[in-house]
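Heads up, work.txt below (compact mmCIF, C-alpha atoms):
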```
# COMPACT_ATOMS: atom_id res chain seq x y z
CA MET A 230 0.00 0.00 0.00
CA ASP A 231 1.36 3.46 -0.91
CA ASN A 232 2.20 5.92 1.83
CA ILE A 233 -0.12 8.87 2.33
CA TYR A 234 1.57 12.26 2.03
CA ILE A 235 0.69 15.86 2.79
CA GLU A 236 1.58 18.24 -0.03
CA TYR A 237 2.39 21.88 0.80
CA ILE A 238 2.56 24.46 -1.97
CA PHE A 239 4.60 27.52 -0.91
CA ASN A 240 4.54 30.72 -2.98
CA VAL A 241 7.69 32.70 -2.20
CA SER A 242 8.83 36.27 -2.91
CA PRO A 243 11.63 36.98 -3.48
CA VAL A 244 12.39 33.42 -4.54
CA VAL A 245 16.15 33.74 -3.84
CA PRO A 246 17.38 33.14 -1.19
CA ALA A 247 14.06 32.49 0.60
CA THR A 248 13.31 29.20 -1.17
CA GLU A 249 16.67 27.66 -0.23
CA ILE A 250 16.27 28.74 3.38
CA LEU A 251 12.72 27.38 3.46
CA ILE A 252 13.80 23.99 2.07
CA ALA A 253 16.56 23.68 4.66
CA GLU A 254 14.19 24.50 7.52
CA LEU A 255 11.41 22.21 6.27
CA GLY A 256 13.90 19.36 6.01
CA GLU A 257 14.62 19.75 9.72
CA VAL A 258 10.97 19.21 10.70
CA GLY A 259 10.36 16.10 8.62
CA PHE A 260 9.63 17.12 5.03
CA GLU A 261 11.11 14.49 2.73
CA SER A 262 10.94 15.77 -0.83
CA PHE A 263 10.93 19.13 -2.58
CA VAL A 264 10.07 20.32 -6.07
CA GLU A 265 11.31 23.84 -6.77
CA ARG A 266 9.08 26.02 -8.94
CA ASP A 267 9.60 29.42 -10.55
CA ASN A 268 7.59 31.08 -7.78
CA GLY A 269 8.39 28.85 -4.81
CA VAL A 270 8.51 25.21 -3.79
CA THR A 271 6.22 22.23 -3.34
CA ALA A 272 7.13 20.11 -0.30
CA TYR A 273 5.98 16.69 0.89
CA ILE A 274 5.78 15.09 4.32
CA GLN A 275 4.38 11.69 5.33
CA LYS A 276 0.96 11.99 6.94
CA ASN A 277 2.11 10.06 10.00
CA GLN A 278 4.82 12.69 10.55
CA TRP A 279 2.44 15.63 10.21
CA ARG A 280 1.15 17.63 13.19
CA GLU A 281 -0.98 20.74 13.64
CA ASN A 282 1.85 23.04 14.76
CA LEU A 283 4.39 21.69 12.25
CA LEU A 284 5.41 25.10 10.88
CA ASP A 285 5.40 27.08 14.14
CA ASP A 286 9.19 27.21 14.39
CA ILE A 287 10.00 27.85 10.72
CA PHE A 288 11.95 31.10 10.98
CA VAL A 289 11.71 32.15 7.35
CA LEU A 290 7.89 32.14 7.48
CA LYS A 291 8.04 34.82 10.15
CA SER A 292 10.73 36.93 8.48
CA LYS A 293 9.70 40.38 7.27
CA GLU A 294 12.28 40.08 4.47
CA PHE A 295 10.13 37.61 2.54
CA SER A 296 6.51 37.12 1.56
CA ILE A 297 5.47 33.46 1.78
CA ASP A 298 1.95 32.03 1.56
CA PHE A 299 1.00 28.37 1.38
CA GLY A 300 -1.75 25.79 1.27
CA TYR A 301 -1.71 22.06 1.83
CA LYS A 302 -3.67 18.93 1.00
CA GLU A 303 -3.49 15.18 1.45
CA ILE A 304 -2.35 13.19 -1.57
CA GLU A 305 -1.87 9.51 -2.39
CA GLN A 306 1.80 8.83 -3.04
CA THR A 307 2.15 6.75 -6.19
CA ASN A 308 5.50 7.28 -7.89
CA TRP A 309 8.18 9.37 -6.19
CA ASN A 310 10.89 8.36 -8.65
CA ALA A 311 8.92 9.70 -11.59
CA GLU A 312 8.32 12.95 -9.72
CA TRP A 313 11.93 13.70 -8.89
CA GLU A 314 13.16 12.50 -12.29
CA LYS A 315 11.07 15.24 -13.87
CA ASN A 316 12.69 17.86 -11.65
CA PHE A 317 16.25 16.63 -11.01
CA ASN A 318 18.52 18.36 -13.52
CA GLN A 319 22.14 17.41 -13.98
CA ILE A 320 24.55 19.96 -12.51
CA LYS A 321 28.20 20.79 -13.02
CA VAL A 322 30.59 22.32 -10.49
CA ASP A 323 33.42 24.43 -11.95
CA ASP A 324 33.38 22.30 -15.12
CA LEU A 325 35.21 19.58 -13.19
CA VAL A 326 32.49 17.69 -11.30
CA SER A 327 29.19 16.42 -12.62
CA ILE A 328 26.40 15.34 -10.28
CA ARG A 329 23.72 13.47 -12.15
CA ALA A 330 21.08 10.77 -11.98
CA PRO A 331 21.52 7.40 -13.72
CA PHE A 332 19.26 8.49 -16.59
CA HIS A 333 21.40 11.59 -17.42
CA GLU A 334 24.03 11.50 -20.13
CA ASN A 335 27.62 11.52 -18.84
CA PRO A 336 29.13 14.96 -19.66
CA GLN A 337 32.65 13.46 -19.48
CA LEU A 338 34.02 15.81 -16.83
CA LYS A 339 37.00 14.81 -14.67
CA TYR A 340 34.73 13.58 -11.85
CA ASP A 341 31.32 12.02 -12.44
CA ILE A 342 29.06 11.38 -9.43
CA VAL A 343 25.91 9.37 -10.11
CA ILE A 344 23.21 9.48 -7.44
CA GLU A 345 19.58 8.57 -7.05
CA PRO A 346 18.55 11.05 -4.36
CA LYS A 347 14.92 10.03 -3.90
CA MET A 348 13.94 11.95 -0.73
CA SER A 349 17.39 12.53 0.79
CA PHE A 350 18.87 15.98 1.24
CA GLY A 351 22.03 16.68 -0.74
CA THR A 352 21.44 16.38 -4.46
CA GLY A 353 24.07 19.00 -5.21
CA HIS A 354 21.43 21.56 -6.15
CA HIS A 355 21.44 23.00 -2.68
CA GLU A 356 23.94 25.85 -2.26
CA THR A 357 25.79 24.21 0.63
CA THR A 358 26.51 20.93 -1.15
CA HIS A 359 27.72 22.83 -4.21
CA MET A 360 30.14 24.92 -2.12
CA MET A 361 31.48 21.90 -0.23
CA VAL A 362 32.29 20.26 -3.56
CA GLN A 363 34.16 23.45 -4.50
CA HIS A 364 36.21 23.25 -1.29
CA LEU A 365 37.06 19.61 -1.97
CA ILE A 366 38.13 20.38 -5.53
CA ASP A 367 40.98 22.50 -4.19
CA LEU A 368 41.85 20.26 -1.24
CA ASP A 369 44.47 17.49 -1.34
CA VAL A 370 42.73 14.54 0.32
CA ALA A 371 44.78 11.71 -1.20
CA ASN A 372 45.31 8.96 1.41
CA LYS A 373 43.68 11.16 4.07
CA LYS A 374 41.18 9.75 6.55
CA VAL A 375 37.90 11.63 6.01
CA LEU A 376 34.60 12.00 7.87
CA ASP A 377 31.43 13.11 6.07
CA MET A 378 29.13 14.07 8.96
CA GLY A 379 25.47 14.45 8.01
CA CYS A 380 26.22 12.73 4.71
CA GLY A 381 22.71 12.94 3.20
CA THR A 382 22.98 11.21 -0.20
CA GLY A 383 26.71 10.54 0.28
CA ILE A 384 27.84 12.96 -2.45
CA LEU A 385 30.73 14.46 -0.48
CA ALA A 386 32.06 11.13 0.77
CA ILE A 387 31.89 9.75 -2.79
CA PHE A 388 33.73 12.76 -4.19
CA ALA A 389 36.38 12.48 -1.46
CA GLU A 390 37.05 8.88 -2.50
CA MET A 391 37.24 9.92 -6.15
CA LYS A 392 40.00 12.32 -5.09
CA GLY A 393 41.93 9.57 -3.37
CA ALA A 394 40.80 9.80 0.25
CA LYS A 395 40.79 6.62 2.34
CA PRO A 396 39.37 5.41 4.60
CA ILE A 397 36.14 7.44 4.76
CA ASP A 398 33.33 7.36 7.31
CA ALA A 399 29.91 8.70 6.27
CA ILE A 400 27.38 9.27 9.07
CA ASP A 401 23.78 10.45 9.11
CA ILE A 402 21.15 10.33 11.84
CA ASP A 403 18.33 9.89 9.30
CA ALA A 404 17.51 6.28 8.36
CA TRP A 405 16.52 7.20 4.82
CA CYS A 406 19.81 9.06 4.26
CA TYR A 407 21.72 6.08 5.65
CA GLU A 408 20.05 3.70 3.20
CA ASN A 409 20.37 6.12 0.30
CA SER A 410 24.08 6.69 1.00
CA LEU A 411 24.68 2.94 0.99
CA GLU A 412 22.97 2.72 -2.40
CA ASN A 413 24.92 5.62 -3.88
CA VAL A 414 28.26 4.36 -2.52
CA GLU A 415 27.63 1.08 -4.30
CA ARG A 416 26.38 2.83 -7.45
CA ASN A 417 29.68 4.75 -7.70
CA ASN A 418 31.79 1.63 -7.05
CA CYS A 419 33.33 3.10 -3.92
CA LYS A 420 35.50 0.71 -1.91
CA ASN A 421 36.74 2.87 0.97
CA ILE A 422 33.54 4.33 2.45
CA SER A 423 31.83 2.97 5.57
CA VAL A 424 28.30 4.32 6.16
CA TYR A 425 26.81 4.54 9.66
CA GLU A 426 23.42 5.57 11.03
CA GLY A 427 23.76 7.76 14.12
CA ASP A 428 25.09 11.04 15.52
CA SER A 429 28.33 12.43 16.98
CA ALA A 430 28.31 9.77 19.70
CA LEU A 431 29.76 7.45 17.03
CA LEU A 432 32.93 9.56 16.89
CA ALA A 433 34.28 8.61 20.32
CA GLY A 434 37.95 7.66 20.05
CA LYS A 435 38.17 8.33 16.29
CA LYS A 436 40.63 10.61 14.48
CA TYR A 437 40.44 12.17 11.02
CA ASP A 438 42.58 14.29 8.70
CA VAL A 439 39.54 15.95 7.11
CA ILE A 440 36.08 16.42 8.59
CA ILE A 441 33.18 17.56 6.39
CA ALA A 442 30.09 18.75 8.27
CA ASN A 443 27.26 20.15 6.18
CA ILE A 444 24.60 20.43 8.89
CA ASN A 445 22.47 23.18 10.40
CA ARG A 446 23.99 25.81 12.67
CA ASN A 447 22.66 24.56 16.00
CA ILE A 448 23.96 21.02 15.52
CA LEU A 449 27.34 22.33 14.40
CA LEU A 450 27.63 24.51 17.50
CA ASN A 451 26.51 21.70 19.77
CA ASP A 452 28.97 19.17 18.31
CA MET A 453 31.94 21.43 17.54
CA GLU A 454 33.98 20.26 20.52
CA VAL A 455 33.54 16.66 19.36
CA TYR A 456 34.57 17.46 15.78
CA THR A 457 37.67 19.40 16.77
CA ALA A 458 38.74 16.68 19.24
CA CYS A 459 38.56 14.13 16.40
CA LEU A 460 40.71 16.22 14.07
CA ASN A 461 44.39 15.38 13.71
CA LYS A 462 47.03 18.11 13.96
CA LEU A 463 47.00 20.22 10.77
CA GLY A 464 43.70 18.57 9.91
CA VAL A 465 41.04 20.41 7.87
CA LEU A 466 37.46 21.11 8.94
CA LEU A 467 34.88 22.02 6.27
CA LEU A 468 31.65 23.55 7.55
CA SER A 469 28.42 24.59 5.86
CA GLY A 470 24.68 24.53 6.37
CA PHE A 471 24.29 28.08 7.70
CA TYR A 472 23.83 31.65 6.49
CA SER A 473 26.19 34.62 6.21
CA GLN A 474 24.81 36.16 9.40
CA ASP A 475 25.77 32.99 11.33
CA VAL A 476 29.48 33.21 10.49
CA PRO A 477 30.54 35.24 13.57
CA ILE A 478 29.05 32.76 16.06
CA ILE A 479 30.37 29.76 14.11
CA ASN A 480 33.82 31.32 13.81
CA ALA A 481 33.98 32.16 17.51
CA GLU A 482 33.15 28.58 18.45
CA VAL A 483 35.64 27.00 16.03
CA THR A 484 38.60 29.27 16.71
CA LYS A 485 38.43 28.76 20.47
CA HIS A 486 39.31 25.11 19.79
CA GLY A 487 42.58 26.01 18.07
CA LEU A 488 41.52 26.20 14.42
CA THR A 489 42.25 28.95 11.92
CA LEU A 490 39.93 30.09 9.13
CA ASN A 491 41.67 29.63 5.76
CA LYS A 492 38.97 30.03 3.12
CA THR A 493 35.39 31.22 2.71
CA ILE A 494 33.01 30.49 -0.16
CA LYS A 495 29.66 32.30 -0.44
CA ARG A 496 26.69 31.44 -2.63
CA ASN A 497 23.64 33.66 -2.30
CA ASN A 498 23.07 33.86 1.47
CA TRP A 499 24.85 30.56 2.25
CA VAL A 500 28.46 30.14 3.37
CA ALA A 501 31.01 27.30 3.47
CA LEU A 502 34.10 27.71 5.63
CA GLN A 503 37.46 25.89 5.61
CA TYR A 504 39.46 25.69 8.85
CA GLN A 505 42.78 24.12 9.76
CA LYS A 506 43.84 22.79 13.14
CA THR A 507 47.11 24.35 14.20
CA ALA A 508 47.81 22.44 17.40
```

I need this file expressed as structure tokens, please.
Amino acid sequence: MDNIYIEYIFNVSPVVPATEILIAELGEVGFESFVERDNGVTAYIQKNQWRENLLDDIFVLKSKEFSIDFGYKEIEQTNWNAEWEKNFNQIKVDDLVSIRAPFHENPQLKYDIVIEPKMSFGTGHHETTHMMVQHLIDLDVANKKVLDMGCGTGILAIFAEMKGAKPIDAIDIDAWCYENSLENVERNNCKNISVYEGDSALLAGKKYDVIIANINRNILLNDMEVYTACLNKLGVLLLSGFYSQDVPIINAEVTKHGLTLNKTIKRNNWVALQYQKTA
């Protein structure tokens, strides 16, 4: 029997960057799939995950910077794959990395990542994933031990292996992301990635040369001490999942643990930061 879903249609103005912010926040409260439109986004959540006050803590809906209205209805879920296939366009990062679905033609770039995202966050279309790929393009990770924390679809772990990293741990607290990462790791013939379902408690006693954490601001702040403790001397920490206005609080938390900010990438209102551990 097909799952029952609630469909929300959000009309957003201005579309950028409000739609990206809205998608990120909806993902945190249980929405599983998104279809971006010219004037907003359509979002889906399983009926058994829905509650009356679901949107009460969605910051962007209360912001005076944006105008957002919405309606919702119950729908019968019949074919998710067909839905996302219609809306998942192949992307290219700096003409070096392609991120595509199995049905897309291979553009023959240096790195070709093939994923079937289904409902997982991290298709490469989101600003933060795109920027993290850009950081990894310029980073030497050959034979480095890497952690992809909050791995989503596994894109960043897969790209790290393509660049020679090993071994790699990919961790996500969401069961669907865990399963989807396993599928995508196999689809890309990766041999050095171990995927785990869980949170930062799994990191006890582990050490890494590179840690990638593309998660929301509050989780990053909460777990920063754990991440920095797991980082080897001269190790690199890549952070994203937050907005430009969050950089001062993120930077203050990271630098107090002995890391130095080396590089910043911005895309619309999103930021990705690269730190190095100096001691």

Counting only C-alpha atoms, which residues come within 9 Å of (28.9, 27.0, 9.4), with the point read in the file's coordinates, and could you list them as a PyMOL selection string?
-> chain A and resi 442-446+449-450+467-473+475-476+478-480+499-502

With C-alpha atoms kept, could you save the residues just selected as a PDB file, in the frame of the given file?
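Final output, out-v1.pdb:
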```pdb
ATOM      1  CA  ALA A 442      30.090  18.750   8.270  1.00  0.00           C
ATOM      2  CA  ASN A 443      27.260  20.150   6.180  1.00  0.00           C
ATOM      3  CA  ILE A 444      24.600  20.430   8.890  1.00  0.00           C
ATOM      4  CA  ASN A 445      22.470  23.180  10.400  1.00  0.00           C
ATOM      5  CA  ARG A 446      23.990  25.810  12.670  1.00  0.00           C
ATOM      6  CA  LEU A 449      27.340  22.330  14.400  1.00  0.00           C
ATOM      7  CA  LEU A 450      27.630  24.510  17.500  1.00  0.00           C
ATOM      8  CA  LEU A 467      34.880  22.020   6.270  1.00  0.00           C
ATOM      9  CA  LEU A 468      31.650  23.550   7.550  1.00  0.00           C
ATOM     10  CA  SER A 469      28.420  24.590   5.860  1.00  0.00           C
ATOM     11  CA  GLY A 470      24.680  24.530   6.370  1.00  0.00           C
ATOM     12  CA  PHE A 471      24.290  28.080   7.700  1.00  0.00           C
ATOM     13  CA  TYR A 472      23.830  31.650   6.490  1.00  0.00           C
ATOM     14  CA  SER A 473      26.190  34.620   6.210  1.00  0.00           C
ATOM     15  CA  ASP A 475      25.770  32.990  11.330  1.00  0.00           C
ATOM     16  CA  VAL A 476      29.480  33.210  10.490  1.00  0.00           C
ATOM     17  CA  ILE A 478      29.050  32.760  16.060  1.00  0.00           C
ATOM     18  CA  ILE A 479      30.370  29.760  14.110  1.00  0.00           C
ATOM     19  CA  ASN A 480      33.820  31.320  13.810  1.00  0.00           C
ATOM     20  CA  TRP A 499      24.850  30.560   2.250  1.00  0.00           C
ATOM     21  CA  VAL A 500      28.460  30.140   3.370  1.00  0.00           C
ATOM     22  CA  ALA A 501      31.010  27.300   3.470  1.00  0.00           C
ATOM     23  CA  LEU A 502      34.100  27.710   5.630  1.00  0.00           C
TER      24      LEU A 502
END
```

Give me the residues within 10 Å of A:His486 as a ChimeraX atom specification, counting all atoms listed in the file and dropping any in the same chain fewer than 6 places off.
-> /A:453-454,456-458,506-508

Neighbour list for stretch 235-248 of chain A as a ChimeraX atom specification, cut-off 10 Å, all atoms listed in the file, skip fewer than 6 positions in-chain | /A:254,260,262-279,289-290,292,294-306,356,496-499

Restricting to all atoms listed in the file, whichever of A:Ile422, A:Val322, A:Ile328, A:Ile397 is closest to A:Val439 is A:Ile397

Write out as a VMD selection string the residues lying within 12 Å of A:Gly379, counting all atoms listed in the file and excluding same-chain residues fewer than 4 positions away.
-> chain A and resid 349 to 351 358 383 to 386 398 to 407 410 424 to 429 440 to 445 448 to 449 452 468 to 470

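The nearest approach to A:Leu376 among the residues A:Leu283, A:Ile233, A:Val465, A:Cys419, with only C-alpha atoms taken into account, belongs to A:Val465.
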
The centre and edge lengths of an axis-aligned box containing all atoms of stretch 238-243 of chain A present in the file, extended by 8 Å on each side, are to be given in Å to one decimal, as JSON.
```
{"center_x": 7.1, "center_y": 30.7, "center_z": -2.2, "size_x": 25.1, "size_y": 28.5, "size_z": 18.6}
```

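When the distance limit is 9 Å and only C-alpha atoms are what count, the residues near A:Ala389, minus those fewer than 4 positions from it on the same chain, are Leu365, Val370, Ala371, Val375, Ile384, Leu385, Gly393, Ala394, Lys395 and Ile397 of chain A.
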
Hey, can you check how far atom CA of A:Phe288 sits from atom CA of A:Gly381?
-> 22.5 Å

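The two atoms in question, atom CA of A:Ser327 and atom CA of A:Tyr437, are spaced 26.5 Å apart.
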
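You can rank A:Asn451, A:Lys392, A:Lys293, A:Val414 by their closest distance to A:Glu482 using all atoms listed in the file, and at the top of that list sits A:Asn451.
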
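For the pair atom CA of A:Lys436 and atom CA of A:His364, the interatomic distance is 20.7 Å.
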
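Considering the residues A:Ala430, A:Ile387, A:Cys380, A:Ile287 and counting all atoms listed in the file, A:Glu408 has its shortest atom-to-atom contact with A:Cys380.
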
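With only C-alpha atoms as the basis for measurement, A:Met391 is the residue among A:Met378, A:Leu251, A:Met360, A:Met391 that approaches A:Ile342 most closely.
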
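Restricting the calculation to only C-alpha atoms, the smallest distance between A:Arg329 and any of A:Asn372, A:Thr484, A:Asn417, A:Thr357 is found for A:Asn417.
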